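The structure appears below as structure tokens.
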Amino acid sequence: MINRNEILKMDGIEYRVVQIFGDTAHLIQMNGQSVELIKCLASGLSKGVRAGRITVELDEWADVEIRPVSEELVKKAEADYKLIELIVENPLLYTDGGRKRLVSAVSRGDAQLERRINLILGTYWRRGQVLQSLVPAYGGATGPVSRSRKRGRRAADGNDSGVDLSPEVLDAMNEGCRRYLMGEGKLPLRKAYEAFVEDYRNGRLVERRADVVESNESPFNEHRKSSEVNEEMNDSRVQEEIAVPTFNQFYYFYRSRYGSLKKRNE
């Protein structure tokens with residue numbers, strides 16, 4: 001099941017899920033300046049994710065609400081938001097021709113203002129649909145986070161660039177979030193990440209399928225028992241080599257998958 005604000009990648013192109021009504025999802029392409037929303041069947045997108053044709057990507061703007069920013073830039077964002085506030089709260093926005101009618105009504109025939117409103121609206125959608133999405137992306141830590149996805153061994157300290165975001169890794173992070181950050185037993189984010197790393201390295205979140213390991217080897221090794229493979233996977237020396245997602249990767253996944261996060265004791 002897909003969620004509002006998730007980043008989906010299809011045919012090499014990333015989209016944000018702006019809104020979902022029933023089985024209709026409204027998406028915007030992350031690259032470019034177009035503000036045209038694309039309608040898709042939400043059920044079809046979910047099916048594509050399960051089949052691996054569509055991937056859920058990390059949201060580089062997931063932490064936008066807690067990035068350090070000057071009061072001056074916040075005021076700039078607030079001024080821009082006032083221009084689109086009535087538009088983004090109106091259901092007419094998601095109907096055919098609705099955006100053009102709403103923008104035209106607000107701009108009152110001013111072509112320059114109409115263009116500015118459209119640019120603000122596109123920025124708001126692409127950066128996560130919160131007030132801080134409109135903070136100008138320049139200076140200090142106001143820009144998007146690094147999206148480097150190189151592999152690394154010592155990612156647990158959060159300083160490494162992490163791992164490639166394969167479907168297996170995304171599934172593991174999702175399970176870690178559900179296990180340690182949801183419900184009554186939720187942990188502080190840093191503690192949840194530490195518990196996730198321990199489970200990940202010991203194969204308790206992602207099934208490191210022994211049958212796949214064996215199938216890639218010579219047919220003459222078919223007699224090899226899966227328990228032998230599991231013992232090797234759990235060997236301390238092998239665990240040391242297992243690349244794990246960084247704290248930032250885990251954090252951004254949680255933010256983008258499960259919504260806005262209040263500041264917590266980490």
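Within each chain, counting starts at residue 1; across the structure tokens, chains are named A, B, ... in the order shown, with ligands numbered 1 upward in that order.
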
Env of Arg116 of chain A: 12 Å cut, atoms = only C-alpha atoms, seq-sep filter 3 positions within chain, self excluded. Answer as a tab-separated table (two decimals) with C-alpha atoms, in the first residue's frame.
chain	number	residue	atom	x	y	z
A	33	GLN	CA	9.08	22.79	-12.81
A	35	VAL	CA	2.90	21.59	-11.73
A	80	ASP	CA	4.91	32.35	-0.01
A	81	TYR	CA	2.60	29.92	1.77
A	83	LEU	CA	-0.25	32.83	-1.63
A	84	ILE	CA	-1.16	29.14	-1.96
A	103	VAL	CA	-4.52	29.98	-9.43
A	104	SER	CA	-6.29	32.33	-11.81
A	106	VAL	CA	-5.87	34.17	-6.65
A	107	SER	CA	-3.67	35.97	-9.19
A	110	ASP	CA	-1.67	39.09	-13.06
A	111	ALA	CA	0.39	36.79	-15.31
A	112	GLN	CA	3.60	37.29	-13.33
A	113	LEU	CA	1.87	36.49	-10.05
A	119	LEU	CA	6.30	27.80	-8.96
A	120	ILE	CA	5.54	28.00	-5.23
A	121	LEU	CA	2.94	25.27	-5.56
A	122	GLY	CA	5.37	22.98	-7.38
A	123	THR	CA	8.04	23.56	-4.74

Pull the strand (DSSP E or B) assignments for segment 15-102 of chain A out of DSSP run on the backbone, and list those residues as a PyMOL selection string. chain A and resi 15-21+24-29+38-41+54-57

Counting only C-alpha atoms, which residue out of A:Thr95, A:Gln132, A:Asn174, A:Ser70 sits closest to Gln249 of chain A?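 Among the listed residues, the smallest separation from Gln249 of chain A belongs to A:Asn174.
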
If you count only C-alpha atoms, which residues fall within 12 Å of Asp199 of chain A, apart from same-chain ones fewer than 3 positions away, as a list in words?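 Contacts, with the query itself left out: Ala172, Met173, Glu175, Gly176, Cys177, Arg179, Tyr180, Ala192, Tyr193, Glu194, Ala195, Phe196, Asn202, Gly203, Arg204, Leu205, Val206, Glu207, Asn234, Gln239, Ile242 and Val244 of chain A.
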
Got a sec: who's within 9 Å of Leu170 of chain A, counting only C-alpha atoms, leaving out chain neighbours fewer than 5 positions off, as a PyMOL selection string? chain A and resi 56-57+165+175+253

Nearest to Leu181 of chain A, restricted to only C-alpha atoms and choosing among A:Tyr254, A:Lys100, A:Asn118, A:Arg50, comes out as A:Tyr254

Based on the backbone DSSP call, show me all residues of segment 3-173 of chain A assigned helix (DSSP H, G or I), as a VMD selection string. chain A and resid 42 to 51 64 to 66 71 to 88 91 to 94 98 to 107 111 to 126 131 to 134 167 to 173

Restricting it to C-alpha atoms, dump the selection as a short mmCIF file (atom, residue, chain, number, x, y, z; two decimals), in the first residue's frame.
data_model
loop_
_atom_site.label_atom_id
_atom_site.label_comp_id
_atom_site.auth_asym_id
_atom_site.auth_seq_id
_atom_site.Cartn_x
_atom_site.Cartn_y
_atom_site.Cartn_z
CA ALA A 42 -3.25 3.68 -6.20
CA SER A 43 -3.88 -0.07 -6.35
CA GLY A 44 -1.83 -0.29 -9.55
CA LEU A 45 1.06 1.56 -7.92
CA SER A 46 0.94 -0.75 -4.90
CA LYS A 47 0.95 -3.76 -7.21
CA GLY A 48 3.96 -2.35 -9.03
CA VAL A 49 5.83 -1.89 -5.74
CA ARG A 50 5.12 -5.48 -4.71
CA ALA A 51 6.26 -6.74 -8.11
CA VAL A 64 12.87 19.66 6.16
CA GLU A 65 10.80 20.56 9.24
CA ILE A 66 13.76 20.30 11.60
CA GLU A 71 14.04 33.62 11.00
CA GLU A 72 14.32 35.68 7.83
CA LEU A 73 13.96 32.62 5.61
CA VAL A 74 11.04 31.33 7.69
CA LYS A 75 9.23 34.64 7.11
CA LYS A 76 9.91 34.29 3.39
CA ALA A 77 8.37 30.82 3.45
CA GLU A 78 5.35 32.06 5.39
CA ALA A 79 4.76 34.84 2.86
CA ASP A 80 4.91 32.35 -0.01
CA TYR A 81 2.60 29.92 1.77
CA LYS A 82 -0.07 32.61 2.16
CA LEU A 83 -0.25 32.83 -1.63
CA ILE A 84 -1.16 29.14 -1.96
CA GLU A 85 -2.89 28.47 1.37
CA LEU A 86 -6.42 28.67 -0.02
CA ILE A 87 -5.41 26.64 -3.06
CA VAL A 88 -3.82 23.65 -1.33
CA PRO A 91 -10.44 19.84 -3.07
CA LEU A 92 -11.08 21.51 -6.43
CA LEU A 93 -7.30 21.49 -6.85
CA TYR A 94 -7.39 17.79 -7.74
CA GLY A 98 -9.09 22.87 -11.00
CA ARG A 99 -5.58 24.15 -10.39
CA LYS A 100 -5.75 26.61 -13.27
CA ARG A 101 -9.06 28.01 -12.05
CA LEU A 102 -7.83 28.37 -8.47
CA VAL A 103 -4.52 29.98 -9.43
CA SER A 104 -6.29 32.33 -11.81
CA ALA A 105 -8.70 33.37 -9.07
CA VAL A 106 -5.87 34.17 -6.65
CA SER A 107 -3.67 35.97 -9.19
CA ALA A 111 0.39 36.79 -15.31
CA GLN A 112 3.60 37.29 -13.33
CA LEU A 113 1.87 36.49 -10.05
CA GLU A 114 0.20 33.46 -11.63
CA ARG A 115 3.58 32.10 -12.69
CA ARG A 116 5.00 32.72 -9.21
CA ILE A 117 2.10 30.93 -7.54
CA ASN A 118 2.59 27.92 -9.80
CA LEU A 119 6.30 27.80 -8.96
CA ILE A 120 5.54 28.00 -5.23
CA LEU A 121 2.94 25.27 -5.56
CA GLY A 122 5.37 22.98 -7.38
CA THR A 123 8.04 23.56 -4.74
CA TYR A 124 5.55 22.90 -1.95
CA TRP A 125 4.53 19.57 -3.47
CA ARG A 126 8.01 18.37 -4.34
CA LEU A 131 5.44 25.20 5.47
CA GLN A 132 9.20 24.57 5.70
CA SER A 133 9.08 23.16 2.15
CA LEU A 134 9.08 26.76 0.96
CA PRO A 167 14.06 -3.82 -2.02
CA GLU A 168 15.51 -6.12 0.67
CA VAL A 169 17.04 -3.19 2.57
CA LEU A 170 13.85 -1.12 2.28
CA ASP A 171 11.81 -4.04 3.59
CA ALA A 172 14.22 -4.42 6.50
CA MET A 173 14.01 -0.73 7.42
#

Quick check, in Å to one decimal: how far apart do atom CA of Gly22 of chain A and atom CA of Lys9 of chain A lie?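 These two atoms are separated by 21.4 Å.
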
So that I can see what lies close to Lys39 of chain A, please list as a PyMOL selection string the residues with an atom at most 8 Å from it, counting only C-alpha atoms and leaving out residues fewer than 6 positions away in the same chain. chain A and resi 24-27
